[in-house]
Structure formats: structure tokens, C-alpha cells
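Visitor: My structure is stored as upload38.txt, with compact mmCIF, C-alpha atoms.
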# COMPACT_ATOMS: atom_id res chain seq x y z
CA MET A 283 0.00 0.00 0.00
CA THR A 284 1.31 3.45 -0.95
CA THR A 285 0.35 6.36 1.27
CA GLN A 286 0.59 10.13 1.27
CA SER A 287 1.14 12.14 4.47
CA ILE A 288 -1.48 14.76 5.34
CA GLU A 289 -0.62 17.58 7.77
CA LEU A 290 -3.39 20.00 8.75
CA ARG A 291 -3.70 22.54 11.56
CA HIS A 292 -6.27 25.13 12.55
CA THR A 293 -6.96 27.33 15.57
CA PHE A 294 -10.69 27.51 16.23
CA ASP A 295 -12.54 30.47 17.69
CA GLU A 296 -15.49 30.59 20.09
CA LYS A 297 -18.01 29.78 17.32
CA VAL A 298 -17.31 26.03 17.62
CA TYR A 299 -18.28 25.90 21.30
CA GLY A 300 -20.29 22.75 21.98
CA LYS A 301 -19.79 21.23 18.50
CA ARG A 302 -18.65 17.65 18.02
CA LEU A 303 -15.01 17.37 17.00
CA ASP A 304 -15.70 15.53 13.73
CA LEU A 305 -18.29 18.11 12.67
CA ALA A 306 -16.02 21.06 13.42
CA LEU A 307 -13.17 19.45 11.48
CA SER A 308 -15.26 18.48 8.43
CA GLU A 309 -16.67 22.02 8.21
CA THR A 310 -13.16 23.47 8.33
CA PHE A 311 -11.26 20.99 6.16
CA GLU A 312 -13.81 20.71 3.35
CA ASP A 313 -11.48 18.80 1.03
CA TYR A 314 -11.90 15.71 3.22
CA SER A 315 -15.12 13.83 3.89
CA ARG A 316 -16.57 13.59 7.37
CA SER A 317 -16.20 9.80 7.31
CA ARG A 318 -12.48 10.12 6.49
CA ILE A 319 -12.01 12.61 9.34
CA GLN A 320 -13.90 10.32 11.71
CA ASP A 321 -11.49 7.51 10.82
CA TRP A 322 -8.52 9.76 11.47
CA VAL A 323 -9.87 10.64 14.91
CA LYS A 324 -10.42 6.96 15.78
CA GLN A 325 -6.89 6.10 14.66
CA GLY A 326 -5.36 8.75 16.92
CA PHE A 327 -4.21 11.07 14.15
CA VAL A 328 -5.89 14.15 15.69
CA GLN A 329 -4.54 16.26 18.54
CA VAL A 330 -6.45 19.01 20.39
CA ASN A 331 -4.11 21.41 22.20
CA GLY A 332 -1.33 18.84 21.93
CA GLU A 333 -3.32 15.87 23.29
CA VAL A 334 -4.57 12.97 21.17
CA VAL A 335 -8.39 12.76 21.08
CA LYS A 336 -9.91 9.51 19.77
CA SER A 337 -13.59 10.29 20.27
CA ASN A 338 -15.55 12.00 17.51
CA LYS A 339 -18.10 13.01 20.16
CA HIS A 340 -15.52 15.20 21.90
CA LYS A 341 -17.15 18.62 22.43
CA MET A 342 -15.22 21.66 21.31
CA ALA A 343 -14.69 24.43 23.87
CA GLY A 344 -13.44 27.09 21.49
CA PHE A 345 -9.98 28.62 21.02
CA GLU A 346 -8.36 25.18 20.57
CA LEU A 347 -5.47 24.35 18.27
CA VAL A 348 -6.25 21.18 16.33
CA GLU A 349 -3.50 19.33 14.45
CA ILE A 350 -4.00 16.40 12.10
CA ASN A 351 -1.09 14.19 11.05
CA ALA A 352 -2.59 11.42 8.96
CA GLU A 353 -2.04 9.28 5.88
CA ILE A 354 -4.24 8.42 2.93
CA GLU A 355 -3.82 5.55 0.51
CA VAL A 356 -2.92 6.82 -2.94
CA ALA A 357 -2.53 5.33 -6.40
CA GLY A 358 0.21 2.80 -5.75
CA ASP A 359 3.47 1.92 -7.48
CA TRP A 360 1.96 1.65 -10.95
CA GLN A 361 3.83 2.95 -13.95
CA PRO A 362 2.52 5.55 -16.42
CA GLU A 363 1.95 4.15 -19.91
CA ALA A 364 1.26 5.97 -23.17
CA ILE A 365 -2.14 4.38 -23.84
CA ASP A 366 -4.71 6.32 -25.85
CA LEU A 367 -7.75 7.52 -23.91
CA ASP A 368 -11.01 8.81 -25.36
CA ILE A 369 -11.45 11.84 -23.06
CA VAL A 370 -14.84 13.45 -23.59
CA PHE A 371 -14.40 16.18 -20.95
CA GLU A 372 -11.58 17.60 -18.84
CA ASP A 373 -11.01 20.62 -16.63
CA ASP A 374 -8.86 21.35 -13.56
CA ASP A 375 -11.03 19.19 -11.28
CA LEU A 376 -12.17 16.12 -13.17
CA LEU A 377 -12.11 14.25 -16.44
CA VAL A 378 -14.59 11.91 -18.10
CA VAL A 379 -13.38 8.96 -20.17
CA ASN A 380 -15.24 6.85 -22.72
CA LYS A 381 -13.74 3.41 -21.99
CA PRO A 382 -13.38 0.88 -24.82
CA ALA A 383 -14.02 -2.84 -24.51
CA GLY A 384 -11.05 -4.88 -23.33
CA LEU A 385 -9.47 -2.16 -21.17
CA VAL A 386 -9.15 -3.11 -17.50
CA VAL A 387 -9.86 -0.09 -15.28
CA HIS A 388 -7.68 -0.82 -12.26
CA PRO A 389 -4.47 -2.85 -11.86
CA GLY A 390 -4.89 -6.16 -10.09
CA ALA A 391 -3.65 -9.72 -10.07
CA GLY A 392 -2.45 -10.45 -13.59
CA ASN A 393 -3.18 -6.90 -14.76
CA GLN A 394 -0.41 -4.65 -13.47
CA GLU A 395 0.14 -3.07 -16.89
CA GLY A 396 -2.00 -1.86 -19.75
CA THR A 397 -4.87 -0.62 -17.56
CA MET A 398 -6.77 2.65 -17.55
CA VAL A 399 -4.92 3.66 -14.39
CA ASN A 400 -1.58 3.32 -16.21
CA ALA A 401 -2.96 5.46 -19.03
CA LEU A 402 -4.33 8.08 -16.62
CA LEU A 403 -1.03 8.39 -14.77
CA TYR A 404 0.71 9.11 -18.09
CA HIS A 405 -1.90 11.68 -19.10
CA CYS A 406 -2.13 13.35 -15.69
CA PRO A 407 0.84 12.50 -13.38
CA GLN A 408 -0.64 14.27 -10.33
CA LEU A 409 -3.27 11.51 -10.10
CA SER A 410 -0.60 9.45 -8.33
CA ASN A 411 -1.42 11.54 -5.23
CA LEU A 412 -5.07 10.44 -5.18
CA PRO A 413 -6.74 7.24 -3.96
CA ARG A 414 -7.04 4.78 -6.87
CA ALA A 415 -5.59 7.44 -9.18
CA GLY A 416 -8.80 9.44 -8.83
CA ILE A 417 -11.09 6.73 -10.19
CA ILE A 418 -14.53 7.05 -8.56
CA HIS A 419 -16.36 4.04 -10.03
CA ARG A 420 -15.54 1.16 -12.35
CA LEU A 421 -16.74 -0.62 -15.44
CA ASP A 422 -16.05 -4.29 -16.15
CA LYS A 423 -13.25 -5.03 -18.62
CA ASP A 424 -15.61 -5.68 -21.53
CA THR A 425 -18.24 -3.08 -20.67
CA THR A 426 -17.80 0.16 -22.59
CA GLY A 427 -18.71 3.73 -21.77
CA LEU A 428 -18.38 6.70 -19.46
CA LEU A 429 -16.31 6.94 -16.28
CA VAL A 430 -15.49 10.01 -14.18
CA VAL A 431 -12.05 10.59 -12.63
CA ALA A 432 -11.25 13.18 -9.93
CA LYS A 433 -8.11 15.27 -10.36
CA THR A 434 -7.95 16.78 -6.85
CA ILE A 435 -8.64 15.61 -3.30
CA ALA A 436 -11.53 18.07 -3.04
CA ALA A 437 -13.11 16.76 -6.24
CA HIS A 438 -12.55 13.19 -5.09
CA THR A 439 -14.32 13.85 -1.79
CA SER A 440 -17.28 15.50 -3.53
CA LEU A 441 -17.69 12.82 -6.19
CA VAL A 442 -17.39 9.91 -3.74
CA GLU A 443 -20.05 11.50 -1.54
CA GLN A 444 -22.33 12.00 -4.56
CA LEU A 445 -21.88 8.37 -5.54
CA GLN A 446 -22.58 7.17 -1.99
CA ASN A 447 -25.68 9.37 -1.85
CA ARG A 448 -26.91 7.92 -5.17
CA ALA A 449 -26.70 11.37 -6.75
CA PHE A 450 -24.99 10.20 -9.96
CA THR A 451 -27.12 9.61 -13.06
CA ARG A 452 -25.85 6.47 -14.77
CA GLU A 453 -27.70 5.10 -17.79
CA TYR A 454 -26.69 2.07 -19.80
CA ASP A 455 -27.63 0.54 -23.14
CA ALA A 456 -27.93 -3.25 -23.18
CA ILE A 457 -29.03 -5.76 -25.77
CA VAL A 458 -30.58 -8.76 -24.06
CA ASN A 459 -31.90 -12.15 -25.06
CA ARG A 460 -35.69 -12.59 -25.30
CA VAL A 461 -38.39 -9.99 -25.86
CA MET A 462 -39.23 -7.88 -22.82
CA VAL A 463 -42.83 -6.65 -22.72
CA SER A 464 -42.32 -3.54 -20.59
CA GLY A 465 -39.90 -1.85 -18.24
CA SER A 466 -39.85 -1.91 -14.46
CA SER A 467 -37.42 -1.93 -11.53
CA ILE A 468 -35.67 -4.74 -9.71
CA ASP A 469 -34.69 -4.50 -6.04
CA ALA A 470 -32.78 -7.70 -5.32
CA PRO A 471 -29.65 -8.10 -3.11
CA ILE A 472 -26.37 -9.08 -4.75
CA GLY A 473 -23.46 -10.94 -3.19
CA ARG A 474 -20.77 -13.46 -4.04
CA HIS A 475 -22.05 -16.50 -5.93
CA PRO A 476 -22.21 -19.49 -3.56
CA THR A 477 -20.24 -21.81 -5.88
CA LYS A 478 -18.69 -19.75 -8.70
CA ARG A 479 -15.72 -17.83 -7.32
CA THR A 480 -15.60 -15.18 -10.06
CA ALA A 481 -19.36 -14.58 -10.28
CA MET A 482 -21.94 -12.64 -8.32
CA ALA A 483 -25.57 -13.63 -7.73
CA VAL A 484 -28.85 -12.54 -6.20
CA VAL A 485 -28.52 -13.91 -2.66
CA ALA A 486 -30.56 -13.33 0.49
CA ASP A 487 -27.62 -11.97 2.51
CA GLY A 488 -26.24 -9.77 -0.29
CA ARG A 489 -26.09 -5.98 -0.41
CA ARG A 490 -29.16 -4.12 -1.59
CA ALA A 491 -29.12 -3.52 -5.35
CA ILE A 492 -31.67 -1.52 -7.37
CA THR A 493 -31.82 -1.32 -11.18
CA HIS A 494 -34.45 0.54 -13.22
CA TYR A 495 -35.01 -0.48 -16.84
CA ARG A 496 -37.20 0.32 -19.82
CA VAL A 497 -37.58 -1.10 -23.32
CA ALA A 498 -36.04 1.06 -26.05
CA GLU A 499 -36.69 -1.34 -28.92
CA LYS A 500 -38.04 -4.85 -29.45
CA PHE A 501 -36.74 -7.36 -31.97
CA LEU A 502 -37.93 -10.89 -32.79
CA ASP A 503 -36.07 -12.61 -29.97
CA HIS A 504 -34.09 -9.78 -28.36
CA SER A 505 -34.61 -6.39 -26.72
CA HIS A 506 -32.65 -3.15 -26.54
CA LEU A 507 -32.93 -1.83 -22.97
CA LYS A 508 -32.10 1.45 -21.25
CA LEU A 509 -31.10 0.86 -17.63
CA ARG A 510 -30.38 3.20 -14.74
CA LEU A 511 -28.42 2.26 -11.65
CA GLU A 512 -29.61 3.41 -8.26
CA THR A 513 -26.89 1.39 -6.51
CA GLY A 514 -23.56 0.19 -7.86
CA ARG A 515 -22.83 -3.42 -6.99
CA THR A 516 -20.29 -5.57 -8.83
CA HIS A 517 -21.80 -6.87 -12.10
CA GLN A 518 -25.16 -5.41 -10.99
CA ILE A 519 -26.88 -5.03 -14.37
CA ARG A 520 -25.52 -8.34 -15.66
CA VAL A 521 -26.68 -10.21 -12.55
CA HIS A 522 -30.11 -8.58 -12.42
CA MET A 523 -30.86 -9.18 -16.10
CA SER A 524 -29.79 -12.82 -15.83
CA TYR A 525 -31.94 -13.22 -12.71
CA LEU A 526 -34.94 -11.86 -14.63
CA LYS A 527 -34.23 -14.37 -17.46
CA PHE A 528 -33.18 -11.63 -19.89
CA PRO A 529 -29.40 -12.21 -19.94
CA ILE A 530 -27.22 -9.75 -21.84
CA VAL A 531 -26.09 -10.92 -25.26
CA GLY A 532 -22.53 -12.25 -25.24
CA ASP A 533 -22.13 -12.22 -21.44
CA PRO A 534 -19.54 -14.93 -20.73
CA LEU A 535 -20.54 -15.30 -17.06
CA TYR A 536 -24.29 -14.84 -16.92
CA SER A 537 -25.88 -15.49 -20.32
CA GLY A 538 -25.98 -19.30 -20.10
CA ARG A 539 -26.49 -21.45 -23.16
CA TYR A 540 -27.94 -19.49 -26.05
CA ARG A 541 -31.11 -20.84 -27.60
CA VAL A 542 -31.09 -20.18 -31.36
CA PRO A 543 -34.48 -18.76 -32.38
CA THR A 544 -36.40 -20.16 -35.36
CA LYS A 545 -36.61 -16.80 -37.12
CA ILE A 546 -33.00 -15.82 -37.67
CA THR A 547 -31.05 -14.91 -40.78
CA PRO A 548 -27.58 -16.39 -41.37
CA ALA A 549 -26.14 -12.86 -41.00
CA LEU A 550 -27.66 -12.36 -37.54
CA LYS A 551 -26.69 -15.87 -36.46
CA GLU A 552 -23.09 -15.13 -37.42
CA LYS A 553 -23.16 -11.74 -35.69
CA LEU A 554 -24.49 -13.24 -32.45
CA SER A 555 -22.04 -16.14 -32.42
CA GLY A 556 -19.16 -13.71 -32.96
CA PHE A 557 -20.19 -11.30 -30.20
CA LYS A 558 -17.82 -12.37 -27.42
CA ARG A 559 -18.45 -9.69 -24.78
CA GLN A 560 -21.48 -8.49 -22.85
CA ALA A 561 -23.47 -6.05 -25.01
CA LEU A 562 -23.47 -3.39 -22.30
CA HIS A 563 -22.50 0.27 -22.65
CA ALA A 564 -22.50 3.14 -20.12
CA SER A 565 -24.08 5.75 -22.38
CA LEU A 566 -24.98 8.59 -20.00
CA LEU A 567 -23.28 10.02 -16.92
CA GLY A 568 -24.59 12.95 -14.92
CA LEU A 569 -23.32 14.61 -11.73
CA LYS A 570 -22.82 17.91 -9.95
CA HIS A 571 -19.51 19.56 -10.72
CA PRO A 572 -17.45 19.30 -7.49
CA VAL A 573 -16.49 22.99 -7.57
CA THR A 574 -19.26 24.90 -9.36
CA GLY A 575 -22.14 22.71 -8.17
CA GLU A 576 -23.58 22.78 -11.69
CA TYR A 577 -25.28 19.58 -12.86
CA ILE A 578 -23.59 18.26 -16.01
CA GLU A 579 -24.39 15.30 -18.25
CA TRP A 580 -22.28 13.54 -20.84
CA ARG A 581 -23.41 11.02 -23.46
CA ALA A 582 -21.49 8.45 -25.48
CA PRO A 583 -23.10 6.63 -28.43
CA MET A 584 -23.05 2.84 -28.52
CA PRO A 585 -19.72 1.51 -29.82
CA LYS A 586 -19.44 0.13 -33.33
CA ASP A 587 -19.86 -3.54 -32.40
CA MET A 588 -23.09 -2.94 -30.47
CA GLN A 589 -24.46 -0.63 -33.15
CA GLU A 590 -23.76 -3.24 -35.83
CA LEU A 591 -25.48 -5.89 -33.69
CA ARG A 592 -28.50 -3.65 -33.25
CA ASP A 593 -28.62 -2.95 -37.02
CA GLU A 594 -28.52 -6.68 -37.77
CA LEU A 595 -31.37 -7.29 -35.32
CA VAL A 596 -33.40 -4.64 -37.15
CA ALA A 597 -32.59 -6.21 -40.52
CA ASN A 598 -33.60 -9.64 -39.19
CA ARG A 599 -36.93 -8.27 -37.93
CA GLU A 600 -37.67 -6.54 -41.23
CA PHE A 601 -36.74 -9.60 -43.29
CA PHE A 602 -39.23 -11.84 -41.54
CA ALA A 603 -41.90 -9.12 -41.56
CA GLN A 604 -41.59 -9.00 -45.34
CA GLN A 605 -41.73 -12.81 -45.53
CA GLU A 606 -44.97 -12.86 -43.57
CA GLY A 607 -46.43 -9.85 -45.35
Could you write out this file's structure as C-alpha cells?
Guide:
Amino acid sequence: MTTQSIELRHTFDEKVYGKRLDLALSETFEDYSRSRIQDWVKQGFVQVNGEVVKSNKHKMAGFELVEINAEIEVAGDWQPEAIDLDIVFEDDDLLVVNKPAGLVVHPGAGNQEGTMVNALLYHCPQLSNLPRAGIIHRLDKDTTGLLVVAKTIAAHTSLVEQLQNRAFTREYDAIVNRVMVSGSSIDAPIGRHPTKRTAMAVVADGRRAITHYRVAEKFLDHSHLKLRLETGRTHQIRVHMSYLKFPIVGDPLYSGRYRVPTKITPALKEKLSGFKRQALHASLLGLKHPVTGEYIEWRAPMPKDMQELRDELVANREFFAQQEG
């Protein structure tokens, strides 16, 4: 684990009299979340008038000198790499990336190089001073679409809090097997699969997971869905759609054995058999700018492979409509 030292100090006036320590600190040091400050207090990183205080409930008396000597986990010992990024927005506080299929977001076992983190560190070296190189949320390796990255501690704190408070707007396009009649919502807990080590599942003791979905287009044996995440569990959309018996086309973990429909052209059959990733794309991302407070949205069209799959599904539907007409 790589850490960065944080040294903060402030002399309070009489206005903090009677306030809890953690509240007074979070109001003063706005770049850091209240939960992070609470952890620092518990770990003994906070001194009031030279004495360590480990209780967040400590009441301020006013005119105290508070010193914080803490550490935060930062990006790690990963190397910058000159990997192209499709950056759709960037300013001094954040950037938004349109991730392609096949790009791993974060280094891990077997993926220490060639990840989005390596690319980000090359593009913006100061991200090495931020937790997880500023990455706020993830997409699976073969899911495409929009991700936001913080460029400062203040932006990181704001964006993490927005994500935790379910204030992000995250909409996905998915092409799923079978025809869905209408949209709805699913509220079903997700946890580790009881027998498959790399998979997740709807399980009774899992964490609450909520997905909203609607039908954008119907084909003969498939549907194009628009989905919005209210929570952000690992593989959430993939697990929920599989649980509802509408698995995402090409999903190697959750789609199961594909049943070839009776009404299918050779071209569509070939396109489906050659689609080797989940047909899932993060097409819309919305959030409040961490500095201005302005709500901003970004959109990214479906990538070429998904668009071509959708076009072939349309052609298949029209072919059989003409046959029957």
C-alpha cells in the first residue's frame, strides 16, 4: 500500500463551542469527507491542544489548536503508460473517459500493466497523489462507456459522496436475449455466488441492489434496454438481467447457453455467435460539478460492435416481416 502524508492545523474560535469534534473538522477541512475525518480521529491522528483525542463526540470548547497528522492511501506503485484515452471532458477538477471494450480499469492480479490507471497516470501524473488514481467508479473489462475521474482531493471527496448518496445519473444501453414486454425496476440483493468464485448472484444476505429499466426497442427474440443504476454493486446489471431471465447478449458469465431462435437470418446468427463480450455500454453520466455545483451530463453513443449488432437485429426483424407480409 502506498500512502501520502497529510498535515493540517487550525486554531478555532469561540463559534465552535459545543460542537462535536468531527463536525467542526469536516466544516473546516472541506477537502476531506466527514467519514475520512472520523477515521482519522479513531486512529489517533488528531490532537487538540497537543493531546490525542480519539472520540468523535468530543465537544469543542473554542480557542483550541487542532492538528492532524494522517495518511491516505494513494494510487500505488503503478507505472505511467502511453495508452490512448477517449477523453470526452476535462477541466482542472475532473475528467470523463469513454472506456473501450477490453481495457481493464484498475491494476490487479495479472493486470499490473495496460490498464486505464496506467494510461491516466501518463496523461495526468498528479493523479498518483489520489486514492485509486482518482477513479470514482468502475466498469467491467468488456463493458464500454463513461467513467469520471477526480483530479484533486476536493473533487474526489465530492464525487465519492455523490456516488454514496446515489446522486450520480448512470444510464446504460444493453441488448438482451428474449423480448421484454415492458420496463420496471428490480430490487434484489447481490453478493458473491455461492459456488462460482468469479461470479456474483442474487442472494438473500447480499447488499441491496436496485436497477431501473425500460424497453427502447423490441426485436424478434431480443430487446434493446435502457437501464439506470440506483446502486452500484459488482456486475449489478448483468446479474439482475440474468436473474430476470433476460441475460445480456454475449455475457460470458451470466448469459448461459444461447437458444437459437427459429426466425433468424444467417447474417444475424453469425453476428451473435461472434459477439464475445457483454453487449453493455454506459451511455450517460450525470453529476454535480465538485467545484461549481452545476449539474452536467455527458453522453457516449453505442460503440461500433453494439451498433452493428442492433442494425442486424433490425434487418432480421424486417426480413421476416416481409416474408410474412
Visitor: Hey, which of A:Glu309, A:Glu590, A:Asp455, A:Asp374 ends up closest to Leu550 (chain A)? Count only C-alpha atoms.
Guide: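 Looking only at the distances to Leu550 (chain A), the closest residue turns out to be A:Glu590.
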Visitor: Which residues are near region 446-453 of chain A? Cut-off 9 Å, only C-alpha atoms, ignore same chain within fewer than 6 positions. Put them as a ChimeraX atom specification.
Guide: /A:428,508-514,563-570,579
Visitor: Which residue, A:Asp533, A:Glu346, A:Asp304, A:Asp593, has the smallest gap to Arg520 (chain A) when you use only C-alpha atoms?
Guide: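 Of all the options, A:Asp533 lies closest to Arg520 (chain A).
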Visitor: Which residue gives the smallest distance to Ile530 (chain A) among A:Trp580, A:Thr547, A:Thr397, A:Val458, with all atoms listed in the file counted?
Guide: A:Val458
Visitor: What gap, in Å, lies between CA of Glu372 (chain A) and CA of Ala352 (chain A)?
Guide: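 Distance reported for this atom pair: 29.9 Å.
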Visitor: Quick one, how far is CA of Ser537 (chain A) from CA of Asn459 (chain A)?
Guide: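 A separation of 8.4 Å between them.
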